[in-house]
Structures are given as C-alpha cells and as structure tokens.
Amino acid sequence: MNIEAKKLVEGLRVRKVDAPTLKALTEEAEATKTPLYDVVQKRHILSDEELGKLTAEIIGYPYINVSKIEIPNEVLEIVPEYIALNQGVITFGLDEFNNRVKIATVNPFDLEMIHDLEKKTGREAEVFYTTKSNIKAIIGKYNQELKNIFLNMLPPGLRYTKEPMPGEKEKMFTDNEKLVAEAAEEEIPIVQIFEALLLYAYRHQASDIHIEAGRQNTVIRYRIDGVLHKVVSFPKIVHEPLITRCKILAGLRIDETRAAQDGRINMKLDNDNIAFRVSILPTHFGEKAVLRILVELEDSVNLLESGLNEEDYKKVIVNSTKPYGMMIVTGPTGSGKTTTLYNIIKLLNSEGVNISTIEDPIEYGIEGVNQVQVNHATNLTFANGLRALLRQDPDCILVGEIRDKETAQIGVESAMTGHMVFSTLHANSTAVGIPRLIEMGIEPFLLTAAVNSLIAQRLVRKLCPHCLQSYTFSSEMLSLIYNSKNIVDLIRRIGLKAYNQEELDRLGFKDEFVFYKGLGCRACGYTGYKGRIGLFEVLEMNEDIKAAMLKGASSDEIEEIAVKNGMTLMLEDGIRKALSGITSLEEVIRVIKA
C-alpha cells in the first residue's frame with residue numbers, strides 16, 4: 001500500500017515531529033530509495049497506534065484497534081487463521097440491522113479480498129484500517145487448542161496420551177499399545193509437527209520452545225511473557241525423531257547424543273524470516289532441545305518503550321555517546337541485556353562510525369555493523385577476538401559478555417585508549433557489578449578511569465489492559481503480606497511524594513495505596529498479563545563513587561552513594577510502574593525477589 005510522502009510529512013508535522021527529524025527522514029528515504037512510510041515505521045517516529053491512526057486518516061478509512069475488542073469466536077472464524085495472517089484481514093463484527101460484516105485489514109484497497117468476504121458471508125463489507133501488529137495480536141484469540149492441533153497430526157494409534165494426575169506415575173505402554181505405537185511410528189509426520197511447533201510459538205509470541213524428554217512422554221512448553229506454559233505432551237516414541245529433525249535443520253550432528261550442541265535454524269513463517277537459536281543437551285531420559293526465537297531488531301521496541309524512564313534514558317544516551325569509556329549492562333540470563341545494548345548500537349549506527357562486535361552467538365544481524373562470531377574451534381575467543389577488533393580501527397566495540405579476567409582487562413584497556421566499549425555482565429545490580437569486576441582481577445583505579453556507567457535490568461509482565469482492575473492496600477496490610485520494611489517504606493515514599501504530613505492530615509489520608517491486577521480474559525489467555533517491560537537502574541560514575549571504590553567500599557556502600565546522587569533503584573522503578581497500573585506489585589516482587 002503506497003502512502004503519499006507529502007501527506008505523510010503533513011501528518012507528521014501536525015503530530016509535532018520537528019523539522020530536523022522530518023528532513024533526516026526524507027533524506028534517508030531518498031538515499032536508500034525506500035518509501036518514506038517504511039523509514040518512519042523503521043525509526044519508530046510514532047507509536048504503532050499513532051502511525052495506524054495517521055495512515056487511516058491519509059487513506060480515508062476509519063481506524064480500529066482490533067486487539068482491544070472482544071470478538072465472538074463465530075465471527076472471528078469467518079476468516080481462517082492462515083488467511084488472517086497471510087492477507088492481513090479479520091472479521092470483528094456483524095451488523096444484523098444493516099446486513100453488514102465489519103472487517104479490519106492492513107490493505108483496504110484489496111477489493112478482490114473484500115469481494116470474496118462479501119460473497120462468503122452474504123453481507124456488505126464495512127471496511128476499517130488496522131495495523132499488522134494488531135492483526136498478529138488477534139491470532140492468539142483463535143479458539144483452537146494447540147494441544148488438539150498437534151495431537152491430530154499423529155496417527156490414531158498414538159493419540160492415547162492420557163496425562164497422569166498429580167501424584168500419579170506416568171502412563172506405561174501395555175504390550176498391545178506397544179505394537180500399535182510401533183506400527184504407527186512410520187506414519188508420524190515429524191516434519192509437519194516440528195514446523196507447526198515453531199509456527200505456533202511464533203504466532204503466540206513465545207520467546208523459547210522447550211522439547212523435554214520424560215520417562216514415557218515428550219513435553220512441549222512455550223515461554224510466553226517470561227513464564228513457561230505446557231502446550232502438549234506427545235508419546236515418547238515421537239521424541240527422538242523430533243530432536244533429529246531439529247538437529248538436521250540446525251546443522252548439528254545427529255549421531256552425537258552424549259554431548260551438548262549449539263546451532264541455528266532460519267525459517268520462513270507467516271511470510272516472515274525467523275531465526276531460532278538451538279541448544280541441545282543430554283538429560284536422564286533423552287536429549288532436551290531449547291529453541292530461542294530471535295525477533296528481528298527492527299521489530300523490537302526502542303529504549304523508551306522498553307521501560308526506561310526519561311531521566312535514565314538521558315543518562316544512557318549521554319554515557320553511550322561519549323568518545324570513549326565503558327558501559328556495562330548487568331542482569332541474569334533472559335533479562336534483555338543484549339537487546340538493550342543492540343538498541344543502543346542501533347542509535348549510534350551511522351556512516352561515520354565504525355562499530356564492531358564479538359558475540360557468542362550473534363543474535364541479531366545489524367546492517368552496517370561488523371559482527372564477529374566466537375569460534376572456540378579456531379581459538380577465536382572473546383579475548384582473542386577483541387584483540388583482533390582493536391586492529392580494525394573501531395570507534396565502538398560491543399563484547400557479548402565479560403566472562404573472565406582476560407576479556408575484562410582488554411575491554412578496560414580499550415575503553416582507556418579512545419574506544420567506546422559496551423558489554424554485559426552477570427550481576428544482580430549495578431553496584432554489585434563493580435565488585436564482580438574487581439573479583440576478576442581488575443584494579444579499582446583502572447575501573448574508575450574506564451567505566452562511564454552501569455545499567456541493571458529485569459523484565460516484568462505487563463498487565464492486560466482489557467481486564468485491568470484496581471484494588472487498595474493499606475501500609476499495615478502490605479507489611480503483613482510482604483514482611484519487608486524496605487518495600488513498605490518505598491511504597492510510602494513514592495506514594496506520598498507529592499504531599500507533606502500536614503497536607504495528608506488535612507486531607508484525611510488513610511495511608512492507603514492503589515495497585516492493579518489483571519482478572520484474566522481471552523485477550524491475555526486468562527493470565528492477566530500481556531507483554532513485558534523492563535525495570536531499570538542506571539549508575540553513573542562520579543567522584544563520590546570513584547573515591548569509595550578506591551577505598552574498597554562494598555556494593556551496599558556504593559549503592560547508597562549512588563542513590564544519594566539520584567539513582568533510581570530497580571525496586572523503586574518497579575513500584576512506580578505498579579502504582580501506575582503498568583504491572584502488578586506481585587510481579588515486581590517475584591522478579592526482583594526483594
């Protein structure tokens with residue numbers, strides 16, 4: 001669908017996009033011979049919702065966000081799921097009085113598709129414009145149980161899978177069932193089952209797929225919004241062929257079953273090119289496979305959308321655009337550290353800057369960035385790769401992870417010799433990151449000279465906007481529930497920040513605070529949550545912190561100094577988001593484990 005550039009610029013100007021930004025967007029579109037609309041979308045100039053409304057305004061169709069509508073199954077299923085994805089169209093309402101069907105589509109000018117829908121329903125179509133992301137969000141609402149989809153792919157003799165009740169042993173084959181299963185084994189459509197596992201994980205916005213071997217079953221689990229959900233349990237006879245198929249696609253050895261293996265699968269799903277990072281590990285009952293779904297960076301959220309508040313965002317931008325120094329992102333596995341660094345690199349990426357990375361593995365490909373994959377077979381380690389990169393005249397260097405003294409030492413030296421170095425480190429907070437580096441053998445005086453800032457982060461689930469409900473807690477109730485003076489004091493401090501005690505007494509304040517929870521609905525799969533957002537803390541190096549480091553201060557002392565200098569703790573950031581209805585207090589406590 002072509003959007004006229006002149007009208008798009010006018011619309012952006014109305015939405016307060018400044019002249020220098022508009023000029024830069026136009027120049028990029030001309031230089032890359034890319035439609036201006038695609039550049040605007042790629043650079044996240046407007047939110048998906050705002051760009052959708054602007055597009056609808058330009059093309060003259062009403063805008064609808066179908067992801068916020070409760071759609072009856074019988075209406076939704078007028079358009080089959082695969083057509084909804086491939087053609088970007090769904091039906092969301094029937095107007096009985098006017099004999100109309102309401103459709104939302106990413107391409108209102110596809111008259112052939114609209115005519116087919118009118119013919120199928122016997123109704124006139126009332127057409128609305130919506131975005132591709134809205135269509136994708138609806139896919140999860142199709143009332144088809146994944147378990148039935150997968151089990152129906154098996155031959156009838158293998159569909160017995162009765163799940164054991166809690167406390168029961170797993171169901172064992174009888175002699176007769178063994179014969180049936182062995183006869184059916186040759187008919188198992190492993191290729192189709194494996195592809196379906198990947199396809200539905202992508203459609204349901206899972207981040208990981210777990211294929212796990214039990215004594216008599218193979219369990220498939222998806223991690224959605226940071227939480228694992230069991231999808232289906234196959235008979236054990238399916239396990240080895242599934243793992244073999246995974247190995248073939250990932251280019252791994254199928255005859256090796258006693259060693260860990262890592263690989264990568266690239267597939268086209270729903271017309272999108274998707275990459276899966278594959279890890280195979282031998283376990284007691286058979287090999288386990290975990291596939292991490294790697295979403296293209298262009299589709300990922302930017303730093304502000306990821307949860308950074310404006311004050312911390314400014315700190316990150318200031319410290320990442322310095323001519324030299326080191327920025328370290330800390331957090332556990334799966335907390336979004338690499339994505340944060342990639343988004344920073346994406347902001348710095350331009351024709352005049354030479355950016356190089358050394359990673360294990362390369363998770364996202366970025367045009368214009370020189371990315372190097374660690375290869376232990378050729379002794380291309382983080383340390384050796386980093387040494388080689390320094391001879392490539394880099395301005396910015398991204399080191400996937402600091403794992404040892406050698407890598408840390410070279411990174412620190414690089415930051416002190418005119419390079420901007422970015423890396424990740426496994427640590428629970430920004431302040432703990434400093435002692436971790438000292439434990440690796442880096443002298444404190446070198447760290448004070450090299451490190452500009454540290455970022456710590458976690459990911460929490462966002463509350464579903466469709467089933468959000470508020471509730472009130474008193475300080476006394478919070479003390480009973482959480483048994484933590486730290487949490488209650490933080491809630492009181494944040495919640496009462498706008499008032500002094502005299503004003504509270506005058507207002508008759510009852511020492512109560514409003515939080516939120518998701519009741520659960522079809523839109524969020526009855527979990528109460530949909531999507532994730534980051535909790536952050538950003539520690540900037542200053543003279544007070546440097547002096548404390550040189551004196552051998554503990555992480556608690558460094559944190560106390562940073563807070564006095566204006567650092568927002570992750571727990572505080574989480575409580576603010578909980579009080580704002582972005583997430584729940586329970587989710588914040590679960591993730592930070594305060």
# chains A, B, ... in the order shown; residues from 1 in each chain; ligands from 1
>>> residues_around(residues="Met267 in chain A", least_positions_apart="4", cutoff="10 Å", atoms="only C-alpha atoms", output="list in words")
Glu195, Leu198, Leu199, Leu249, Asn271, Asp272, Asn273, Ile274, Ala275 and Phe276 of chain A
>>> write_last_selection(atoms="N, CA and C atoms", output="mmCIF file, in the first residue's frame")
data_model
loop_
_atom_site.group_PDB
_atom_site.id
_atom_site.type_symbol
_atom_site.label_atom_id
_atom_site.label_comp_id
_atom_site.auth_asym_id
_atom_site.auth_seq_id
_atom_site.Cartn_x
_atom_site.Cartn_y
_atom_site.Cartn_z
ATOM 1 N N GLU A 195 7.519 -28.211 12.299
ATOM 2 C CA GLU A 195 7.270 -26.882 11.736
ATOM 3 C C GLU A 195 6.090 -26.210 12.438
ATOM 4 N N LEU A 198 7.135 -24.652 15.722
ATOM 5 C CA LEU A 198 7.795 -23.363 15.540
ATOM 6 C C LEU A 198 6.783 -22.279 15.153
ATOM 7 N N LEU A 199 5.881 -22.637 14.250
ATOM 8 C CA LEU A 199 4.905 -21.669 13.744
ATOM 9 C C LEU A 199 4.015 -21.133 14.859
ATOM 10 N N LEU A 249 17.953 -29.435 10.815
ATOM 11 C CA LEU A 249 17.720 -28.051 10.409
ATOM 12 C C LEU A 249 18.771 -27.107 10.978
ATOM 13 N N ASN A 271 5.306 -15.652 6.180
ATOM 14 C CA ASN A 271 5.977 -14.711 5.284
ATOM 15 C C ASN A 271 7.040 -13.850 5.985
ATOM 16 N N ASP A 272 7.434 -14.213 7.205
ATOM 17 C CA ASP A 272 8.493 -13.508 7.920
ATOM 18 C C ASP A 272 9.699 -14.430 8.057
ATOM 19 N N ASN A 273 10.901 -13.870 7.912
ATOM 20 C CA ASN A 273 12.126 -14.650 8.107
ATOM 21 C C ASN A 273 12.458 -14.686 9.600
ATOM 22 N N ILE A 274 12.411 -15.871 10.187
ATOM 23 C CA ILE A 274 12.597 -16.025 11.625
ATOM 24 C C ILE A 274 13.816 -16.902 11.893
ATOM 25 N N ALA A 275 14.601 -16.504 12.894
ATOM 26 C CA ALA A 275 15.770 -17.288 13.305
ATOM 27 C C ALA A 275 15.518 -17.900 14.676
ATOM 28 N N PHE A 276 16.009 -19.124 14.865
ATOM 29 C CA PHE A 276 15.910 -19.822 16.148
ATOM 30 C C PHE A 276 17.308 -20.228 16.587
#
>>> residues_around(residues="Glu305 in chain A", least_positions_apart="5", cutoff="12 Å", atoms="only C-alpha atoms", output="MDAnalysis selection string")
chainID A and resid 44:48 300 310 313 340 343 531:535
>>> write_last_selection(atoms="C-alpha atoms", output="PDB file, in the first residue's frame")
ATOM      1  CA  HIS A  44       9.726   4.311  15.496  1.00  0.00           C
ATOM      2  CA  ILE A  45       8.965   8.019  14.975  1.00  0.00           C
ATOM      3  CA  LEU A  46       5.388   7.349  16.093  1.00  0.00           C
ATOM      4  CA  SER A  47       3.956   4.543  18.159  1.00  0.00           C
ATOM      5  CA  ASP A  48       2.252   1.730  16.249  1.00  0.00           C
ATOM      6  CA  SER A 300      11.823  -4.708  18.682  1.00  0.00           C
ATOM      7  CA  GLU A 310      13.093   9.819  30.733  1.00  0.00           C
ATOM      8  CA  TYR A 313      17.105   7.423  29.177  1.00  0.00           C
ATOM      9  CA  THR A 340      19.268  -3.141  25.340  1.00  0.00           C
ATOM     10  CA  ASN A 343      19.170  -0.823  20.671  1.00  0.00           C
ATOM     11  CA  GLY A 531       3.683  -8.436  27.008  1.00  0.00           C
ATOM     12  CA  ARG A 532       6.726  -7.464  29.074  1.00  0.00           C
ATOM     13  CA  ILE A 533       8.517  -4.281  30.090  1.00  0.00           C
ATOM     14  CA  GLY A 534      11.870  -3.564  31.730  1.00  0.00           C
ATOM     15  CA  LEU A 535      12.740  -2.425  35.242  1.00  0.00           C
TER      16      LEU A 535
END
>>> residues_around(residues="Leu294 in chain A", least_positions_apart="3", cutoff="12 Å", atoms="only C-alpha atoms", output="JSON, numbers by chain")
{"A": [198, 201, 202, 205, 206, 207, 208, 209, 264, 265, 266, 267, 272, 273, 274, 275, 276, 277, 278, 291, 297, 298, 299, 300, 338, 339, 361, 362, 363, 364, 365]}
>>> closest_residue(among="A:Gly325, A:Ile355, A:Leu308, A:Lys42", to="Asp573 in chain A", atoms="only C-alpha atoms")
A:Leu308
>>> residues_around(residues="Lys530 in chain A", least_positions_apart="3", cutoff="8 Å", atoms="only C-alpha atoms", output="MDAnalysis selection string")
chainID A and resid 225 461:464 524 527
>>> atom_distance(atom1="CA of Arg100 in chain A", atom2="CA of Asp116 in chain A")
13.9 Å
>>> select_by_dssp(residues="range 33-274 of chain A", states="strand (DSSP E or B)", output="compact mmCIF listing (two decimals) with C-alpha atoms, in the first residue's frame")
# COMPACT_ATOMS: atom_id res chain seq x y z
CA TYR A 63 -9.11 3.22 12.18
CA VAL A 89 -7.60 -9.27 7.46
CA ILE A 90 -10.05 -10.34 10.15
CA THR A 91 -13.80 -10.05 10.75
CA PHE A 92 -14.69 -8.50 14.10
CA GLY A 93 -18.42 -7.76 14.00
CA LEU A 94 -21.78 -8.42 12.33
CA ASP A 95 -24.34 -5.65 11.88
CA ARG A 100 -23.10 -5.88 7.13
CA VAL A 101 -19.88 -7.64 8.16
CA LYS A 102 -17.22 -5.49 9.80
CA ILE A 103 -13.70 -6.22 8.64
CA ALA A 104 -10.33 -4.83 9.72
CA THR A 105 -7.46 -5.04 7.24
CA GLU A 124 -21.91 -5.96 2.55
CA ALA A 125 -18.44 -5.25 3.99
CA GLU A 126 -17.82 -2.30 6.29
CA VAL A 127 -14.06 -1.79 5.99
CA PHE A 128 -11.74 -0.47 8.71
CA TYR A 129 -7.98 0.01 8.65
CA ALA A 206 6.72 -17.12 22.73
CA SER A 207 10.39 -16.37 23.39
CA ASP A 208 11.51 -20.01 23.82
CA ILE A 209 10.38 -23.53 22.91
CA HIS A 210 11.32 -26.40 25.25
CA ILE A 211 11.24 -30.00 23.97
CA GLU A 212 11.77 -32.16 27.07
CA ALA A 213 12.12 -35.93 27.49
CA ASN A 217 6.27 -38.73 27.31
CA THR A 218 7.77 -35.82 25.44
CA VAL A 219 6.61 -32.48 26.85
CA ILE A 220 6.48 -29.29 24.78
CA ARG A 221 6.50 -25.99 26.66
CA TYR A 222 6.45 -22.38 25.42
CA ARG A 223 7.85 -19.46 27.40
CA ILE A 224 5.40 -16.58 26.93
CA VAL A 227 6.64 -17.75 32.09
CA LEU A 228 6.70 -21.37 30.84
CA HIS A 229 3.38 -22.87 29.70
CA LYS A 230 2.89 -26.56 28.92
CA VAL A 231 1.45 -26.89 25.41
CA VAL A 232 1.20 -30.61 24.69
CA SER A 233 2.54 -33.99 25.78
CA PHE A 234 3.46 -36.44 23.00
CA PRO A 235 4.12 -40.18 23.36
CA GLN A 261 25.46 -28.95 20.81
CA ASP A 262 24.51 -25.43 19.68
CA GLY A 263 23.18 -24.32 16.31
CA ARG A 264 20.80 -22.04 14.47
CA ILE A 265 17.68 -22.53 12.35
CA ASN A 266 16.45 -20.00 9.79
CA MET A 267 12.88 -20.45 8.55
CA LYS A 268 10.15 -18.51 6.78
CA LEU A 269 6.98 -18.44 8.91
CA ASP A 272 8.49 -13.51 7.92
CA ASN A 273 12.13 -14.65 8.11
CA ILE A 274 12.60 -16.02 11.63
>>> atom_distance(atom1="CA of Gly122 in chain A", atom2="CA of Pro80 in chain A")
16.9 Å
>>> residues_around(residues="Pro189 in chain A", least_positions_apart="2", cutoff="8 Å", atoms="only C-alpha atoms", output="PyMOL selection string")
chain A and resi 153-154+187+191-193
>>> write_last_selection(atoms="N, CA and C atoms", output="PDB file, in the first residue's frame")
ATOM      1  N   MET A 153      -2.259 -34.360  14.467  1.00  0.00           N
ATOM      2  CA  MET A 153      -1.274 -34.669  13.423  1.00  0.00           C
ATOM      3  C   MET A 153      -0.744 -36.093  13.570  1.00  0.00           C
ATOM      4  N   LEU A 154      -0.940 -36.692  14.740  1.00  0.00           N
ATOM      5  CA  LEU A 154      -0.424 -38.036  14.980  1.00  0.00           C
ATOM      6  C   LEU A 154      -1.357 -39.097  14.411  1.00  0.00           C
ATOM      7  N   GLU A 187       4.302 -43.644  10.292  1.00  0.00           N
ATOM      8  CA  GLU A 187       3.345 -42.687   9.741  1.00  0.00           C
ATOM      9  C   GLU A 187       3.418 -41.322  10.423  1.00  0.00           C
ATOM     10  N   VAL A 191       8.105 -33.870  10.188  1.00  0.00           N
ATOM     11  CA  VAL A 191       8.428 -32.587   9.553  1.00  0.00           C
ATOM     12  C   VAL A 191       7.312 -31.578   9.804  1.00  0.00           C
ATOM     13  N   GLN A 192       6.048 -32.015   9.599  1.00  0.00           N
ATOM     14  CA  GLN A 192       4.912 -31.120   9.787  1.00  0.00           C
ATOM     15  C   GLN A 192       4.732 -30.743  11.262  1.00  0.00           C
ATOM     16  N   ILE A 193       4.926 -31.721  12.152  1.00  0.00           N
ATOM     17  CA  ILE A 193       4.768 -31.442  13.590  1.00  0.00           C
ATOM     18  C   ILE A 193       5.809 -30.427  14.055  1.00  0.00           C
TER      19      ILE A 193
END
>>> residues_around(residues="range 22-31 of chain A", least_positions_apart="3", cutoff="10 Å", atoms="only C-alpha atoms", output="list in words")
Ala5, Val9, Glu10, Leu12, Arg13, Val17, Asp18, Ala19, Thr34, Pro35, Leu36, Tyr37, Asp38, Val39, Val40, Arg43 and Ile45 of chain A
>>> closest_residue(among="A:Gly331, A:Gly411, A:Gly441, A:Gly574", to="Leu454 in chain A", atoms="only C-alpha atoms")
A:Gly331
>>> select_by_dssp(residues="range 187-359 of chain A", states="alpha helix (DSSP H)", output="PyMOL selection string")
chain A and resi 190-203+239-250+310-320+337-348
